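Asker: This is the content of upload_6.cif (mmCIF, N, CA and C atoms):
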data_work
#
loop_
_atom_site.label_atom_id
_atom_site.label_comp_id
_atom_site.auth_asym_id
_atom_site.auth_seq_id
_atom_site.Cartn_x
_atom_site.Cartn_y
_atom_site.Cartn_z
N MET A 4 112.78 153.14 31.57
CA MET A 4 113.31 152.66 32.83
C MET A 4 112.36 151.63 33.43
N LYS A 5 112.92 150.58 33.97
CA LYS A 5 112.12 149.55 34.65
C LYS A 5 112.07 149.88 36.14
N TYR A 6 110.91 149.70 36.72
CA TYR A 6 110.73 149.96 38.15
C TYR A 6 110.35 148.67 38.85
N LYS A 7 110.71 148.60 40.11
CA LYS A 7 110.28 147.52 40.98
C LYS A 7 109.56 148.16 42.15
N VAL A 8 108.79 147.37 42.85
CA VAL A 8 108.09 147.85 44.04
C VAL A 8 108.36 146.87 45.18
N LYS A 9 108.79 147.43 46.30
CA LYS A 9 109.05 146.63 47.50
C LYS A 9 107.91 146.88 48.48
N VAL A 10 107.37 145.81 49.02
CA VAL A 10 106.31 145.87 50.03
C VAL A 10 106.85 145.23 51.30
N THR A 11 106.70 145.94 52.42
CA THR A 11 107.16 145.44 53.71
C THR A 11 106.01 145.47 54.70
N VAL A 12 105.83 144.40 55.46
CA VAL A 12 104.83 144.38 56.53
C VAL A 12 105.45 145.07 57.74
N LEU A 13 104.89 146.23 58.09
CA LEU A 13 105.40 147.00 59.23
C LEU A 13 104.80 146.56 60.56
N ASP A 14 103.52 146.19 60.53
CA ASP A 14 102.84 145.87 61.79
C ASP A 14 101.57 145.09 61.50
N LYS A 15 101.08 144.42 62.52
CA LYS A 15 99.79 143.75 62.49
C LYS A 15 99.04 144.19 63.74
N LYS A 16 97.80 144.59 63.58
CA LYS A 16 96.98 145.01 64.71
C LYS A 16 95.91 143.97 64.98
N LEU A 17 95.39 144.00 66.18
CA LEU A 17 94.33 143.08 66.57
C LEU A 17 93.38 143.80 67.50
N TYR A 18 92.09 143.72 67.19
CA TYR A 18 91.05 144.32 68.02
C TYR A 18 90.12 143.21 68.49
N PRO A 19 90.51 142.50 69.57
CA PRO A 19 89.72 141.35 70.03
C PRO A 19 88.31 141.73 70.47
N GLU A 20 88.14 142.94 70.98
CA GLU A 20 86.79 143.34 71.39
C GLU A 20 85.84 143.41 70.20
N LEU A 21 86.36 143.82 69.04
CA LEU A 21 85.53 143.85 67.83
C LEU A 21 85.28 142.43 67.31
N GLN A 22 86.30 141.58 67.40
CA GLN A 22 86.10 140.19 67.00
C GLN A 22 85.06 139.51 67.88
N GLN A 23 85.13 139.75 69.19
CA GLN A 23 84.15 139.16 70.11
C GLN A 23 82.73 139.61 69.77
N GLN A 24 82.61 140.87 69.42
CA GLN A 24 81.29 141.43 69.18
C GLN A 24 80.73 141.08 67.80
N TYR A 25 81.59 141.00 66.77
CA TYR A 25 81.07 140.92 65.41
C TYR A 25 81.46 139.69 64.60
N CYS A 26 82.53 139.01 64.93
CA CYS A 26 83.02 137.92 64.08
C CYS A 26 82.32 136.59 64.36
N ALA A 27 82.15 135.80 63.31
CA ALA A 27 81.59 134.45 63.46
C ALA A 27 82.50 133.62 64.35
N ASP A 28 83.81 133.81 64.21
CA ASP A 28 84.78 133.17 65.11
C ASP A 28 85.31 134.28 66.02
N PRO A 29 84.76 134.40 67.22
CA PRO A 29 85.14 135.50 68.10
C PRO A 29 86.59 135.44 68.59
N ASN A 30 87.25 134.33 68.33
CA ASN A 30 88.66 134.18 68.73
C ASN A 30 89.55 133.99 67.50
N ALA A 31 89.22 134.66 66.41
CA ALA A 31 89.95 134.50 65.15
C ALA A 31 91.41 134.91 65.28
N GLY A 32 91.70 135.89 66.11
CA GLY A 32 93.09 136.30 66.33
C GLY A 32 93.64 137.16 65.21
N ALA A 33 94.95 137.37 65.27
CA ALA A 33 95.64 138.22 64.30
C ALA A 33 95.67 137.57 62.92
N CYS A 34 95.90 138.37 61.92
CA CYS A 34 95.97 137.88 60.54
C CYS A 34 97.01 136.76 60.42
N PRO A 35 96.61 135.62 59.86
CA PRO A 35 97.54 134.51 59.71
C PRO A 35 98.34 134.55 58.40
N CYS A 36 98.04 135.52 57.54
CA CYS A 36 98.64 135.54 56.19
C CYS A 36 100.01 136.19 56.11
N TYR A 37 100.34 137.05 57.07
CA TYR A 37 101.59 137.82 57.01
C TYR A 37 102.26 137.85 58.37
N ASN A 38 103.56 138.13 58.36
CA ASN A 38 104.35 138.30 59.57
C ASN A 38 105.00 139.67 59.53
N VAL A 39 105.14 140.31 60.67
CA VAL A 39 105.85 141.58 60.72
C VAL A 39 107.26 141.35 60.20
N GLY A 40 107.69 142.20 59.29
CA GLY A 40 109.02 142.07 58.69
C GLY A 40 109.03 141.37 57.34
N ASP A 41 107.93 140.74 56.95
CA ASP A 41 107.88 140.11 55.63
C ASP A 41 108.17 141.15 54.57
N GLU A 42 108.94 140.76 53.55
CA GLU A 42 109.25 141.65 52.44
C GLU A 42 108.94 140.96 51.13
N PHE A 43 108.45 141.76 50.18
CA PHE A 43 108.07 141.28 48.86
C PHE A 43 108.63 142.25 47.83
N VAL A 44 109.05 141.73 46.67
CA VAL A 44 109.50 142.58 45.58
C VAL A 44 108.70 142.22 44.34
N PHE A 45 108.05 143.25 43.76
CA PHE A 45 107.24 143.10 42.56
C PHE A 45 108.00 143.59 41.35
N CYS A 46 107.96 142.81 40.28
CA CYS A 46 108.56 143.18 39.00
C CYS A 46 107.46 143.11 37.94
N ARG A 47 107.66 143.88 36.89
CA ARG A 47 106.73 143.81 35.75
C ARG A 47 107.55 144.12 34.51
N ASP A 48 107.95 143.06 33.80
CA ASP A 48 108.76 143.22 32.60
C ASP A 48 108.48 142.06 31.65
N ASP A 49 109.36 141.85 30.68
CA ASP A 49 109.14 140.79 29.70
C ASP A 49 109.25 139.39 30.30
N GLU A 50 109.92 139.28 31.46
CA GLU A 50 110.13 137.96 32.08
C GLU A 50 109.15 137.66 33.21
N ARG A 51 108.76 138.70 33.96
CA ARG A 51 107.87 138.51 35.12
C ARG A 51 106.78 139.56 35.11
N ASP A 52 105.60 139.15 35.57
CA ASP A 52 104.51 140.11 35.76
C ASP A 52 103.81 139.75 37.07
N ASP A 53 104.45 140.15 38.17
CA ASP A 53 103.94 139.80 39.49
C ASP A 53 102.61 140.46 39.81
N PHE A 54 102.35 141.61 39.21
CA PHE A 54 101.11 142.31 39.50
C PHE A 54 99.90 141.46 39.08
N TRP A 55 99.92 140.91 37.89
CA TRP A 55 98.77 140.17 37.39
C TRP A 55 98.64 138.78 38.02
N HIS A 56 99.58 138.42 38.86
CA HIS A 56 99.48 137.17 39.60
C HIS A 56 99.25 137.44 41.09
N MET A 57 98.79 138.65 41.41
CA MET A 57 98.46 139.05 42.78
C MET A 57 99.60 138.78 43.75
N GLY A 58 100.84 138.99 43.30
CA GLY A 58 101.99 138.89 44.18
C GLY A 58 102.48 137.49 44.47
N LEU A 59 101.92 136.49 43.79
CA LEU A 59 102.38 135.12 44.00
C LEU A 59 103.89 135.02 43.78
N ASN A 60 104.59 134.46 44.73
CA ASN A 60 106.02 134.22 44.66
C ASN A 60 106.86 135.51 44.64
N THR A 61 106.38 136.56 45.28
CA THR A 61 107.16 137.80 45.41
C THR A 61 107.87 137.89 46.76
N LEU A 62 107.58 136.97 47.66
CA LEU A 62 108.17 136.97 49.00
C LEU A 62 109.69 136.82 48.91
N THR A 63 110.42 137.76 49.54
CA THR A 63 111.88 137.70 49.55
C THR A 63 112.44 137.52 50.95
N LYS A 64 111.63 137.80 51.98
CA LYS A 64 112.12 137.68 53.36
C LYS A 64 110.93 137.41 54.29
N THR A 65 111.09 136.44 55.17
CA THR A 65 110.07 136.14 56.18
C THR A 65 110.71 135.41 57.35
N LYS A 66 110.07 135.54 58.50
CA LYS A 66 110.46 134.76 59.68
C LYS A 66 109.63 133.49 59.76
N GLY A 67 108.59 133.41 58.95
CA GLY A 67 107.69 132.27 58.97
C GLY A 67 108.00 131.26 57.88
N ASN A 68 107.10 130.33 57.70
CA ASN A 68 107.19 129.32 56.65
C ASN A 68 106.72 129.96 55.35
N PRO A 69 107.57 130.09 54.34
CA PRO A 69 107.17 130.74 53.09
C PRO A 69 105.92 130.14 52.45
N ASP A 70 105.69 128.86 52.65
CA ASP A 70 104.51 128.22 52.06
C ASP A 70 103.21 128.64 52.72
N THR A 71 103.29 129.26 53.90
CA THR A 71 102.06 129.70 54.59
C THR A 71 101.92 131.22 54.61
N VAL A 72 102.83 131.93 53.94
CA VAL A 72 102.76 133.40 53.87
C VAL A 72 102.14 133.78 52.53
N ALA A 73 101.13 134.65 52.57
CA ALA A 73 100.55 135.15 51.33
C ALA A 73 101.63 135.89 50.56
N GLY A 74 101.72 135.63 49.25
CA GLY A 74 102.78 136.20 48.45
C GLY A 74 103.99 135.29 48.33
N GLY A 75 103.94 134.18 49.04
CA GLY A 75 105.00 133.18 48.94
C GLY A 75 104.77 132.30 47.72
N PRO A 76 105.43 131.16 47.65
CA PRO A 76 105.30 130.30 46.47
C PRO A 76 103.98 129.54 46.40
N ALA A 77 103.24 129.46 47.50
CA ALA A 77 102.04 128.62 47.52
C ALA A 77 100.73 129.38 47.40
N MET A 78 100.72 130.69 47.70
CA MET A 78 99.45 131.42 47.61
C MET A 78 99.70 132.91 47.35
N PRO A 79 98.80 133.53 46.56
CA PRO A 79 98.93 134.95 46.28
C PRO A 79 98.56 135.79 47.50
N PHE A 80 98.62 137.10 47.33
CA PHE A 80 98.25 138.01 48.42
C PHE A 80 96.79 137.78 48.82
N CYS A 81 96.50 138.00 50.08
CA CYS A 81 95.13 137.96 50.59
C CYS A 81 94.29 138.96 49.81
N SER A 82 93.05 138.63 49.50
CA SER A 82 92.21 139.50 48.69
C SER A 82 91.92 140.85 49.35
N GLU A 83 91.76 140.86 50.66
CA GLU A 83 91.52 142.14 51.36
C GLU A 83 92.74 143.04 51.28
N ALA A 84 93.93 142.45 51.48
CA ALA A 84 95.16 143.24 51.37
C ALA A 84 95.37 143.68 49.93
N TRP A 85 95.19 142.78 48.99
CA TRP A 85 95.41 143.11 47.58
C TRP A 85 94.51 144.24 47.12
N ASP A 86 93.26 144.20 47.52
CA ASP A 86 92.32 145.26 47.15
C ASP A 86 92.78 146.62 47.67
N ALA A 87 93.39 146.64 48.83
CA ALA A 87 93.81 147.90 49.44
C ALA A 87 95.14 148.43 48.89
N ILE A 88 96.04 147.56 48.47
CA ILE A 88 97.39 148.02 48.10
C ILE A 88 97.71 147.91 46.62
N ALA A 89 96.92 147.19 45.85
CA ALA A 89 97.25 146.95 44.43
C ALA A 89 97.42 148.24 43.65
N ARG A 90 96.60 149.25 43.91
CA ARG A 90 96.70 150.51 43.15
C ARG A 90 98.04 151.19 43.34
N TYR A 91 98.60 151.09 44.55
CA TYR A 91 99.91 151.70 44.82
C TYR A 91 101.03 150.89 44.16
N ILE A 92 100.90 149.58 44.18
CA ILE A 92 101.89 148.72 43.53
C ILE A 92 101.90 149.00 42.03
N TYR A 93 100.74 149.03 41.42
CA TYR A 93 100.64 149.26 39.98
C TYR A 93 101.21 150.63 39.60
N THR A 94 100.88 151.65 40.37
CA THR A 94 101.41 152.99 40.11
C THR A 94 102.93 152.99 40.19
N GLY A 95 103.48 152.35 41.21
CA GLY A 95 104.92 152.28 41.37
C GLY A 95 105.60 151.53 40.24
N LEU A 96 105.00 150.42 39.79
CA LEU A 96 105.57 149.65 38.70
C LEU A 96 105.61 150.44 37.39
N GLN A 97 104.71 151.41 37.27
CA GLN A 97 104.68 152.26 36.08
C GLN A 97 105.59 153.47 36.22
N GLY A 98 106.22 153.64 37.40
CA GLY A 98 107.10 154.78 37.63
C GLY A 98 106.40 156.00 38.17
N GLY A 99 105.14 155.86 38.55
CA GLY A 99 104.36 157.00 39.03
C GLY A 99 104.64 157.34 40.48
N SER A 100 104.17 158.52 40.84
CA SER A 100 104.26 158.98 42.22
C SER A 100 103.21 158.23 43.03
N ILE A 101 103.64 157.59 44.09
CA ILE A 101 102.70 156.81 44.89
C ILE A 101 101.85 157.71 45.78
N MET A 102 102.45 158.70 46.43
CA MET A 102 101.68 159.55 47.33
C MET A 102 102.34 160.92 47.48
N ARG A 103 102.41 161.63 46.40
CA ARG A 103 103.03 162.95 46.37
C ARG A 103 102.30 163.93 47.30
N ASN A 104 103.07 164.68 48.03
CA ASN A 104 102.58 165.71 48.96
C ASN A 104 101.85 165.16 50.18
N TRP A 105 101.83 163.86 50.35
CA TRP A 105 101.25 163.28 51.56
C TRP A 105 102.34 162.66 52.41
N MET A 106 103.17 161.84 51.78
CA MET A 106 104.29 161.21 52.46
C MET A 106 105.53 162.08 52.27
N LYS A 107 106.54 161.87 53.11
CA LYS A 107 107.79 162.63 52.98
C LYS A 107 108.47 162.35 51.65
N GLU A 108 108.36 161.12 51.17
CA GLU A 108 108.95 160.73 49.89
C GLU A 108 107.83 160.27 48.98
N GLU A 109 107.76 160.80 47.78
CA GLU A 109 106.64 160.49 46.89
C GLU A 109 106.67 159.06 46.36
N ASN A 110 107.78 158.33 46.57
CA ASN A 110 107.84 156.95 46.12
C ASN A 110 107.44 155.96 47.22
N THR A 111 106.91 156.47 48.32
CA THR A 111 106.58 155.62 49.48
C THR A 111 105.14 155.86 49.93
N MET A 112 104.48 154.78 50.34
CA MET A 112 103.13 154.87 50.90
C MET A 112 103.02 153.92 52.08
N ILE A 113 102.40 154.38 53.15
CA ILE A 113 102.06 153.53 54.29
C ILE A 113 100.54 153.35 54.23
N THR A 114 100.10 152.11 54.21
CA THR A 114 98.67 151.83 54.09
C THR A 114 98.37 150.50 54.79
N CYS A 115 97.11 150.13 54.85
CA CYS A 115 96.75 148.88 55.50
C CYS A 115 95.62 148.18 54.76
N CYS A 116 95.45 146.91 55.07
CA CYS A 116 94.34 146.17 54.49
C CYS A 116 93.04 146.62 55.15
N SER A 117 91.94 146.18 54.61
CA SER A 117 90.65 146.65 55.09
C SER A 117 89.97 145.73 56.10
N ASP A 118 90.70 144.79 56.67
CA ASP A 118 90.14 143.94 57.72
C ASP A 118 90.08 144.75 59.01
N GLY A 119 88.91 145.15 59.39
CA GLY A 119 88.73 146.05 60.52
C GLY A 119 89.02 145.47 61.89
N THR A 120 89.08 144.15 62.01
CA THR A 120 89.37 143.57 63.32
C THR A 120 90.82 143.11 63.46
N ARG A 121 91.54 143.03 62.33
CA ARG A 121 92.94 142.61 62.37
C ARG A 121 93.72 143.14 61.16
N PRO A 122 93.82 144.45 61.03
CA PRO A 122 94.51 145.02 59.86
C PRO A 122 96.02 144.78 59.88
N VAL A 123 96.56 144.70 58.68
CA VAL A 123 98.00 144.58 58.46
C VAL A 123 98.47 145.89 57.85
N ILE A 124 99.56 146.45 58.39
CA ILE A 124 100.10 147.73 57.94
C ILE A 124 101.26 147.46 56.99
N PHE A 125 101.19 148.05 55.79
CA PHE A 125 102.20 147.83 54.76
C PHE A 125 102.93 149.13 54.42
N LYS A 126 104.23 149.00 54.12
CA LYS A 126 104.99 150.09 53.51
C LYS A 126 105.24 149.67 52.07
N ILE A 127 104.91 150.55 51.14
CA ILE A 127 105.07 150.29 49.72
C ILE A 127 106.06 151.30 49.17
N GLU A 128 107.11 150.80 48.49
CA GLU A 128 108.15 151.68 47.98
C GLU A 128 108.42 151.41 46.50
N ARG A 129 108.39 152.46 45.69
CA ARG A 129 108.83 152.34 44.30
C ARG A 129 110.35 152.34 44.30
N ILE A 130 110.95 151.35 43.67
CA ILE A 130 112.40 151.24 43.60
C ILE A 130 112.82 151.68 42.19
N ASP A 131 113.57 152.77 42.12
CA ASP A 131 114.01 153.30 40.82
C ASP A 131 115.30 152.65 40.38
#
Can you dump the structure from the file as structure tokens?

Answerer:
Amino acid sequence: MKYKVKVTVLDKKLYPELQQQYCADPNAGACPCYNVGDEFVFCRDDERDDFWHMGLNTLTKTKGNPDTVAGGPAMPFCSEAWDAIARYIYTGLQGGSIMRNWMKEENTMITCCSDGTRPVIFKIERID
């Protein structure tokens, strides 16, 4: 059986007090790479291998300009986001349980990137 994985941006957080205190650019603002509601679909088969291209061109829905969204046609996923979510995407593409006994559905995971001043919250779903 072939599996796909859908990734949805659920939310973006911003902690300006941490940016003011610690960032080289104290007014960096929210993550510019994603928009709330962005959706991506990952495939891994004989025709496509989105995982090994860090999600390049997996964007299926956005309110923004696709060329400026990570995962769109112009740039792969942000490295901080990719590092945090790639293991769940890979597991889902192989048909594995993403988060058994933690989430209500074992094919779903809610996680975020590791940018501590402006994290992006992702929902990852294995599509059977």

Asker: Mind the document's chain letters and residue numbers, and return as a list in words the residues of chain A that DSSP labels helix (DSSP H, G or I).

Answerer: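 Everything in chain A that counts as helix (DSSP H, G or I) is Pro19, Glu20, Leu21, Gln22, Gln23, Gln24, Tyr25, Phe54, Trp55, His56, Pro69, Asp70, Thr71, Ser82, Glu83, Ala84, Trp85, Asp86, Ala87, Ile88, Ala89, Arg90, Tyr91, Ile92, Tyr93, Thr94, Gly95 and Leu96 of chain A.
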
Asker: How would you write, as a ChimeraX atom specification, the residues chosen by the PyMOL selection byres (((chain A and resi 61 and name CA) around 12) and name CA) on this structure?

Answerer: /A:7-11,41-47,51-60,62-65,69-70,72-80

Asker: A:Met102, A:Pro122, A:Glu128, A:Ile113: which is nearest Ala33 (chain A), counting only N, CA and C atoms?

Answerer: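 Selected residue with least distance to Ala33 (chain A): A:Pro122.
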
Asker: Pick from A:Ser117, A:Cys36, A:Asn110, A:Ile130: nearest to Ala87 (chain A), with all atoms listed in the file counted?

Answerer: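 The closest residue to Ala87 (chain A) is A:Ser117.
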
Asker: What do you get, as a VMD selection string, if you spell out every residue that the PyMOL selection byres (((chain A and resi 121 and name CA) around 10) and name CA) selects here?

Answerer: chain A and resid 15 to 19 21 to 22 31 to 35 116 to 120 122 to 124

Asker: Decode the PyMOL selection byres ((chain A and resi 111) around 7) for the given file into explicit residues and return them as a list in words.

Answerer: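 Output from the PyMOL selection byres ((chain A and resi 111) around 7), applied to this file: Ser100, Ile101, Met102, Met106, Lys107, Glu108, Glu109, Asn110, Met112, Ile113, Lys126, Ile127, Glu128 and Arg129 of chain A.
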
Asker: Find the residue from A:Tyr25, A:Asn68, A:Asn30, A:Gly40 that sits nearest to Val12 (chain A); use only N, CA and C atoms when measuring.

Answerer: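 Of A:Tyr25, A:Asn68, A:Asn30, A:Gly40, the one nearest Val12 (chain A) is A:Gly40, counting only N, CA and C atoms.
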